[in-house]
Amino acid sequence: MRGVSLPRILQGLMMNLNRFLLGLLLLAAPAAWASEDVHSAEAHADTAAVHVEEHATEHGASHAEEAKEGFDPATVIMHHIGDSHGWHLFDWNEHPVSIPLPVILYTDNGLVVFSSAEFHHDQEGTHVVEAGGQRFVNIHEKIYYASDVANEHGVYADMDHETHEVANAKPWDVSITKNVAALLFAAIVILALFLSTARSYKKNPNGAPRGLAGFVEPLVVFVRDDIAKNNIGHHYKRFVPLLLTIFFFIWINNLLGLVPFFPGGANVTGNIAVTMVLAVITFVVTNINGNKHYWGHIFWMPGLPVFVKPVLAIVEFIGIFTKPFSLMIRLFANITAGHIIVLSLVSLVFIFETVWVSPASVLLTLFISVLELLVAALQAYIFTLLTALYIGSAVQDDHH
Amino acid sequence: MGIVTPGFGLIFWTTLTFFILLFLLAKFAWKPILKAVQEREEAIDSALKAAEAAKAEMASLQSSNEQLLKEAREEREQILKEARALRDKTIADAKTAASEEAAKVLDAARAQIHNEKMAAMTEVKNQVAQLAIDMSERILRAELKDATAQKAMIDRAMEDVKMN
Amino acid sequence: MTGSITALGAGLAVIGVGIGIGLIGSRAMEAIARQPEAAGKIQTNMIIAAALIEGAGLFGIVVALLGNN
């Protein structure tokens with residue numbers, strides 16, 4: 001049930017949330033901010049026609065009609081918080097300027113690698129790239145094997161007229177997309193930060209922490225003592241590295257996501273794939289470390305009447321999956337919502353088509369950005385804390 | 001489909017990146033950092049404990065010093081008191097001895113004087129008696145040279161006897 | 001039509017979550033005011049409880065939106 005319909009449910013959720021937020025903001029306050037997003041917003045205002053089609057394929061034709069006129073914030077925002085094969089920086093003279101990223105496809109005939117620039121910013125499947133003796137099209141940042149001939153809209157794919165689902169086969173896409181590039185950048189930042197911190201400890205073994213170490217150490221000690229030790233119990237030591245990695249991975253990615261220009265601004269921790277991987281890691285670590293006691297509490301809860309036990313076993317068994325699932329959704333929803341709100345506020349300038357909204361827009365964006373700084377740390381904390389709590393419940397000894 | 005379908009590529013890269021990060025950080029960052037932090041904590045702990053112990057030792061030293069001082073002071077007091085007592089006793093003894101001696105001497109002197117006086121008195125008495133006898137002998141001789149006188153004498157004596 | 005109803009359902013779920021988290025927040029504040037020395041512990045538990053309720057809310061929204069498809 002979950003596997004099939006969940007993505008659709010969530011998509012519905014996000015779309016509704018998005019629409020709801022925009023409606024709310026339109027009613028509530030007139031409101032911009034100079035950044036990639038503004039540039040991209042301007043750009044998209046000009047190239048809206050292209051995106052209108054994209055939007056239409058997701059939402060149905062009615063939206064396309066109203067949006068055809070000009071700037072469609074929903075498209076821009078959805079484009080921003082999604083993933084893409086090139087890193088769009090800004091538009092210049094009505095031409096999008098992006099950093100091309102490598103497209104890596106595992107096809108039926110082996111690996112195929114080419115630059116995302118070869119799509120020429122096409123996301124509608126109208127431009128066919130030939131590589132490795134095969135033909136590919138990019139439809140909404142998903143890469144398909146191209147059909148031999150274009151359909152009536154010029155798209156080299158078979159699309160369902162009702163649902164706009166593409167029937168073409170897909171190669172395994174392991175491209176370095178915008179999110180992957182941002183992820184790798186974050187990984188480099190994290191490595192640089194902590195390896196240099198570790199080096200400073202080697203130089204200065206028993207002294208007071210200085211510089212970076214002075215910043216990092218309280219956080220490390222916080223994760224070790226307040227998150228790991230308090231929630232896992234006396235087996236906490238071997239989980240500390242994992243928890244530290246999760247905490248800083250999420251936090252640094254969250255923070256980089258708040259940076260509005262180039263190496264930041266990608267919605268990495270607001271991407272369901274990333275949060276899913278993290279949640280799966282929590283799930284796996286929790287369950288492979290589950291002791292007799294843990295499984296006993298799931299399948300045969302002690303201290304209850306026998307007829308309640310099977311019922312509770314079902315609930316608890318579902319709980320095994322819902323816990324990491326809620327971790328996944330929570331992080332995804334919080335970070336994505338943050339990006340949507342910031343972009344919505346920025347978009348106000350383009351919605352009202354006047355510069356006079358900008359003070360309100362900038363102030364509100366500033367306010368939300370500061371709030372998002374808090375949320376960035378809080379969500380990293382909550383994810384790590386709950387992971388520690390779940391691991392703690394799995395490795396805990398006798399007391400309930 | 002949109003933003004809520006996990007993309008395979010990103011799952012792949014996230015997993016790969018996360019595990020490489022986990023490995024590198026665990027080995028080259030968390031391990032030395034946690035070790036250093038723990039060592040420092042232990043060092044601080046032991047330093048604090050040592051300081052505490054030193055403080056306790058100082059305190060005990062101080063108290064033993066005080067004890068010693070107190071004892072010394074008490075001893076001095078004691079010695080002084082004893083000395084004072086001894087002095088007083090010596091003085092008192094000397095005084096009593098002296099007064100006793102003086103009394104003895106006085107007594108002896110008094111006895112001597114008494115003896116001397118008695119001897120002198122006896123001497124004087126004897127001499128007076130002798131003188132009286134001599135005088136009376138001479139008087140008697142002078143008085144009783146004739147018989148009448150003797151007779152008158154006897155008579156007066158007789159009269160006295162009669163009157164008695 | 002179903003979209004509006006599911007949106008209503010999601011909204012209702014959020015009301016519950018809002019009340020729940022609000023109660024947690026207010027009680028946590030009271031508790032901290034009463035025992036400022038236990039603030040750290042109270043905060044941790046507050047955040048855990050809030051996160052769990054938020055999770056329940058997210059499930060509520062998900063279930064509410066089941067009808068959307």
# chains A, B, ... in the order shown; residues from 1 in each chain; ligands from 1
>>> interface_residues(of="chain B", to="chain A", cutoff="10 Å", atoms="only C-alpha atoms", output="number ranges by chain")
B: 1-15, 17-41, 43-44
>>> residues_around(residues="Ile99 of chain A", least_positions_apart="5", cutoff="7 Å", atoms="only C-alpha atoms", output="count of residues only")
3
>>> residues_around(residues="Ala150 of chain A", least_positions_apart="3", cutoff="12 Å", atoms="only C-alpha atoms", output="ChimeraX atom specification")
/A:124-128,137,146-147,153-159
>>> atom_distance(atom1="atom CA of Thr282 of chain A", atom2="atom CA of Glu54 of chain C")
18.6 Å
>>> atom_distance(atom1="atom CA of Pro36 of chain C", atom2="atom CA of Ala50 of chain C")
20.0 Å
>>> select_by_dssp(residues="segment 93-125 of chain A", states="strand (DSSP E or B)", output="number ranges by chain")
A: 95-100, 102-107, 110-115, 124
>>> closest_residue(among="A:Pro263, A:Gly338, A:Gly110, A:Pro73", to="Val189 of chain A", atoms="only C-alpha atoms")
A:Pro263
>>> closest_residue(among="C:Gly57, C:Met46, C:Leu52, C:Gln35", to="Leu23 of chain C", atoms="only C-alpha atoms")
C:Met46
>>> atom_distance(atom1="atom CA of Ile21 of chain C", atom2="atom CA of Ala49 of chain C")
8.1 Å
>>> decode(residues="segment 127-154 of chain B", atoms="N, CA, C and O atoms", output="PDB file, in the first residue's frame")
ATOM      1  N   GLN B 127      72.763  35.278 147.425  1.00  0.00           N
ATOM      2  CA  GLN B 127      73.574  36.347 147.985  1.00  0.00           C
ATOM      3  C   GLN B 127      72.768  37.173 148.981  1.00  0.00           C
ATOM      4  O   GLN B 127      73.264  37.549 150.065  1.00  0.00           O
ATOM      5  N   VAL B 128      71.477  37.462 148.570  1.00  0.00           N
ATOM      6  CA  VAL B 128      70.628  38.254 149.473  1.00  0.00           C
ATOM      7  C   VAL B 128      70.448  37.513 150.784  1.00  0.00           C
ATOM      8  O   VAL B 128      70.580  38.087 151.888  1.00  0.00           O
ATOM      9  N   ALA B 129      70.159  36.194 150.649  1.00  0.00           N
ATOM     10  CA  ALA B 129      69.973  35.388 151.850  1.00  0.00           C
ATOM     11  C   ALA B 129      71.222  35.438 152.723  1.00  0.00           C
ATOM     12  O   ALA B 129      71.137  35.635 153.938  1.00  0.00           O
ATOM     13  N   GLN B 130      72.396  35.262 152.008  1.00  0.00           N
ATOM     14  CA  GLN B 130      73.666  35.292 152.718  1.00  0.00           C
ATOM     15  C   GLN B 130      73.844  36.628 153.425  1.00  0.00           C
ATOM     16  O   GLN B 130      74.190  36.679 154.595  1.00  0.00           O
ATOM     17  N   LEU B 131      73.527  37.726 152.569  1.00  0.00           N
ATOM     18  CA  LEU B 131      73.652  39.055 153.151  1.00  0.00           C
ATOM     19  C   LEU B 131      72.724  39.199 154.341  1.00  0.00           C
ATOM     20  O   LEU B 131      73.147  39.714 155.400  1.00  0.00           O
ATOM     21  N   ALA B 132      71.505  38.713 154.180  1.00  0.00           N
ATOM     22  CA  ALA B 132      70.535  38.841 155.250  1.00  0.00           C
ATOM     23  C   ALA B 132      70.997  38.113 156.474  1.00  0.00           C
ATOM     24  O   ALA B 132      70.917  38.632 157.577  1.00  0.00           O
ATOM     25  N   ILE B 133      71.539  36.899 156.256  1.00  0.00           N
ATOM     26  CA  ILE B 133      72.026  36.114 157.363  1.00  0.00           C
ATOM     27  C   ILE B 133      73.169  36.840 158.041  1.00  0.00           C
ATOM     28  O   ILE B 133      73.189  36.981 159.262  1.00  0.00           O
ATOM     29  N   ASP B 134      74.082  37.343 157.101  1.00  0.00           N
ATOM     30  CA  ASP B 134      75.217  38.064 157.669  1.00  0.00           C
ATOM     31  C   ASP B 134      74.735  39.255 158.473  1.00  0.00           C
ATOM     32  O   ASP B 134      75.225  39.515 159.598  1.00  0.00           O
ATOM     33  N   MET B 135      73.810  40.043 157.827  1.00  0.00           N
ATOM     34  CA  MET B 135      73.304  41.230 158.473  1.00  0.00           C
ATOM     35  C   MET B 135      72.634  40.863 159.788  1.00  0.00           C
ATOM     36  O   MET B 135      72.928  41.496 160.812  1.00  0.00           O
ATOM     37  N   SER B 136      71.777  39.833 159.711  1.00  0.00           N
ATOM     38  CA  SER B 136      71.057  39.471 160.903  1.00  0.00           C
ATOM     39  C   SER B 136      72.000  38.967 161.966  1.00  0.00           C
ATOM     40  O   SER B 136      71.826  39.272 163.137  1.00  0.00           O
ATOM     41  N   GLU B 137      73.058  38.238 161.550  1.00  0.00           N
ATOM     42  CA  GLU B 137      74.054  37.763 162.500  1.00  0.00           C
ATOM     43  C   GLU B 137      74.693  38.919 163.200  1.00  0.00           C
ATOM     44  O   GLU B 137      74.793  38.942 164.398  1.00  0.00           O
ATOM     45  N   ARG B 138      75.097  39.947 162.259  1.00  0.00           N
ATOM     46  CA  ARG B 138      75.732  41.083 162.880  1.00  0.00           C
ATOM     47  C   ARG B 138      74.787  41.827 163.803  1.00  0.00           C
ATOM     48  O   ARG B 138      75.170  42.257 164.880  1.00  0.00           O
ATOM     49  N   ILE B 139      73.549  42.041 163.348  1.00  0.00           N
ATOM     50  CA  ILE B 139      72.567  42.741 164.162  1.00  0.00           C
ATOM     51  C   ILE B 139      72.347  41.999 165.431  1.00  0.00           C
ATOM     52  O   ILE B 139      72.346  42.591 166.515  1.00  0.00           O
ATOM     53  N   LEU B 140      72.174  40.669 165.344  1.00  0.00           N
ATOM     54  CA  LEU B 140      71.925  39.870 166.488  1.00  0.00           C
ATOM     55  C   LEU B 140      73.068  39.972 167.434  1.00  0.00           C
ATOM     56  O   LEU B 140      72.855  40.123 168.618  1.00  0.00           O
ATOM     57  N   ARG B 141      74.322  39.909 166.885  1.00  0.00           N
ATOM     58  CA  ARG B 141      75.432  40.026 167.714  1.00  0.00           C
ATOM     59  C   ARG B 141      75.444  41.337 168.434  1.00  0.00           C
ATOM     60  O   ARG B 141      75.719  41.384 169.625  1.00  0.00           O
ATOM     61  N   ALA B 142      75.136  42.449 167.636  1.00  0.00           N
ATOM     62  CA  ALA B 142      75.125  43.725 168.271  1.00  0.00           C
ATOM     63  C   ALA B 142      74.022  43.880 169.259  1.00  0.00           C
ATOM     64  O   ALA B 142      74.222  44.448 170.345  1.00  0.00           O
ATOM     65  N   GLU B 143      72.893  43.422 169.034  1.00  0.00           N
ATOM     66  CA  GLU B 143      71.722  43.553 169.872  1.00  0.00           C
ATOM     67  C   GLU B 143      71.843  42.763 171.141  1.00  0.00           C
ATOM     68  O   GLU B 143      71.424  43.180 172.186  1.00  0.00           O
ATOM     69  N   LEU B 144      72.292  41.528 170.980  1.00  0.00           N
ATOM     70  CA  LEU B 144      72.249  40.618 172.068  1.00  0.00           C
ATOM     71  C   LEU B 144      73.580  40.491 172.754  1.00  0.00           C
ATOM     72  O   LEU B 144      73.968  39.420 173.148  1.00  0.00           O
ATOM     73  N   LYS B 145      74.325  41.570 172.923  1.00  0.00           N
ATOM     74  CA  LYS B 145      75.536  41.586 173.606  1.00  0.00           C
ATOM     75  C   LYS B 145      75.346  41.477 175.109  1.00  0.00           C
ATOM     76  O   LYS B 145      76.151  40.818 175.728  1.00  0.00           O
ATOM     77  N   ASP B 146      74.295  41.984 175.687  1.00  0.00           N
ATOM     78  CA  ASP B 146      74.039  41.893 177.097  1.00  0.00           C
ATOM     79  C   ASP B 146      72.866  41.025 177.353  1.00  0.00           C
ATOM     80  O   ASP B 146      72.054  40.750 176.470  1.00  0.00           O
ATOM     81  N   ALA B 147      72.709  40.593 178.618  1.00  0.00           N
ATOM     82  CA  ALA B 147      71.724  39.638 179.005  1.00  0.00           C
ATOM     83  C   ALA B 147      70.343  40.223 179.003  1.00  0.00           C
ATOM     84  O   ALA B 147      69.434  39.565 178.545  1.00  0.00           O
ATOM     85  N   THR B 148      70.217  41.522 179.452  1.00  0.00           N
ATOM     86  CA  THR B 148      68.906  42.139 179.414  1.00  0.00           C
ATOM     87  C   THR B 148      68.268  42.193 178.082  1.00  0.00           C
ATOM     88  O   THR B 148      67.093  41.945 177.847  1.00  0.00           O
ATOM     89  N   ALA B 149      69.127  42.683 177.297  1.00  0.00           N
ATOM     90  CA  ALA B 149      68.611  42.731 175.881  1.00  0.00           C
ATOM     91  C   ALA B 149      68.104  41.429 175.411  1.00  0.00           C
ATOM     92  O   ALA B 149      67.119  41.345 174.749  1.00  0.00           O
ATOM     93  N   GLN B 150      68.840  40.381 175.882  1.00  0.00           N
ATOM     94  CA  GLN B 150      68.435  39.068 175.417  1.00  0.00           C
ATOM     95  C   GLN B 150      67.104  38.715 175.960  1.00  0.00           C
ATOM     96  O   GLN B 150      66.279  38.191 175.283  1.00  0.00           O
ATOM     97  N   LYS B 151      66.991  39.044 177.340  1.00  0.00           N
ATOM     98  CA  LYS B 151      65.764  38.796 178.040  1.00  0.00           C
ATOM     99  C   LYS B 151      64.614  39.489 177.438  1.00  0.00           C
ATOM    100  O   LYS B 151      63.607  38.904 177.128  1.00  0.00           O
ATOM    101  N   ALA B 152      64.787  40.868 177.176  1.00  0.00           N
ATOM    102  CA  ALA B 152      63.702  41.633 176.519  1.00  0.00           C
ATOM    103  C   ALA B 152      63.283  41.040 175.211  1.00  0.00           C
ATOM    104  O   ALA B 152      62.128  40.948 174.896  1.00  0.00           O
ATOM    105  N   MET B 153      64.226  40.598 174.615  1.00  0.00           N
ATOM    106  CA  MET B 153      63.980  39.974 173.321  1.00  0.00           C
ATOM    107  C   MET B 153      63.122  38.783 173.463  1.00  0.00           C
ATOM    108  O   MET B 153      62.178  38.610 172.713  1.00  0.00           O
ATOM    109  N   ILE B 154      63.502  37.896 174.390  1.00  0.00           N
ATOM    110  CA  ILE B 154      62.740  36.701 174.561  1.00  0.00           C
ATOM    111  C   ILE B 154      61.333  37.054 174.939  1.00  0.00           C
ATOM    112  O   ILE B 154      60.421  36.486 174.420  1.00  0.00           O
TER     113      ILE B 154
END
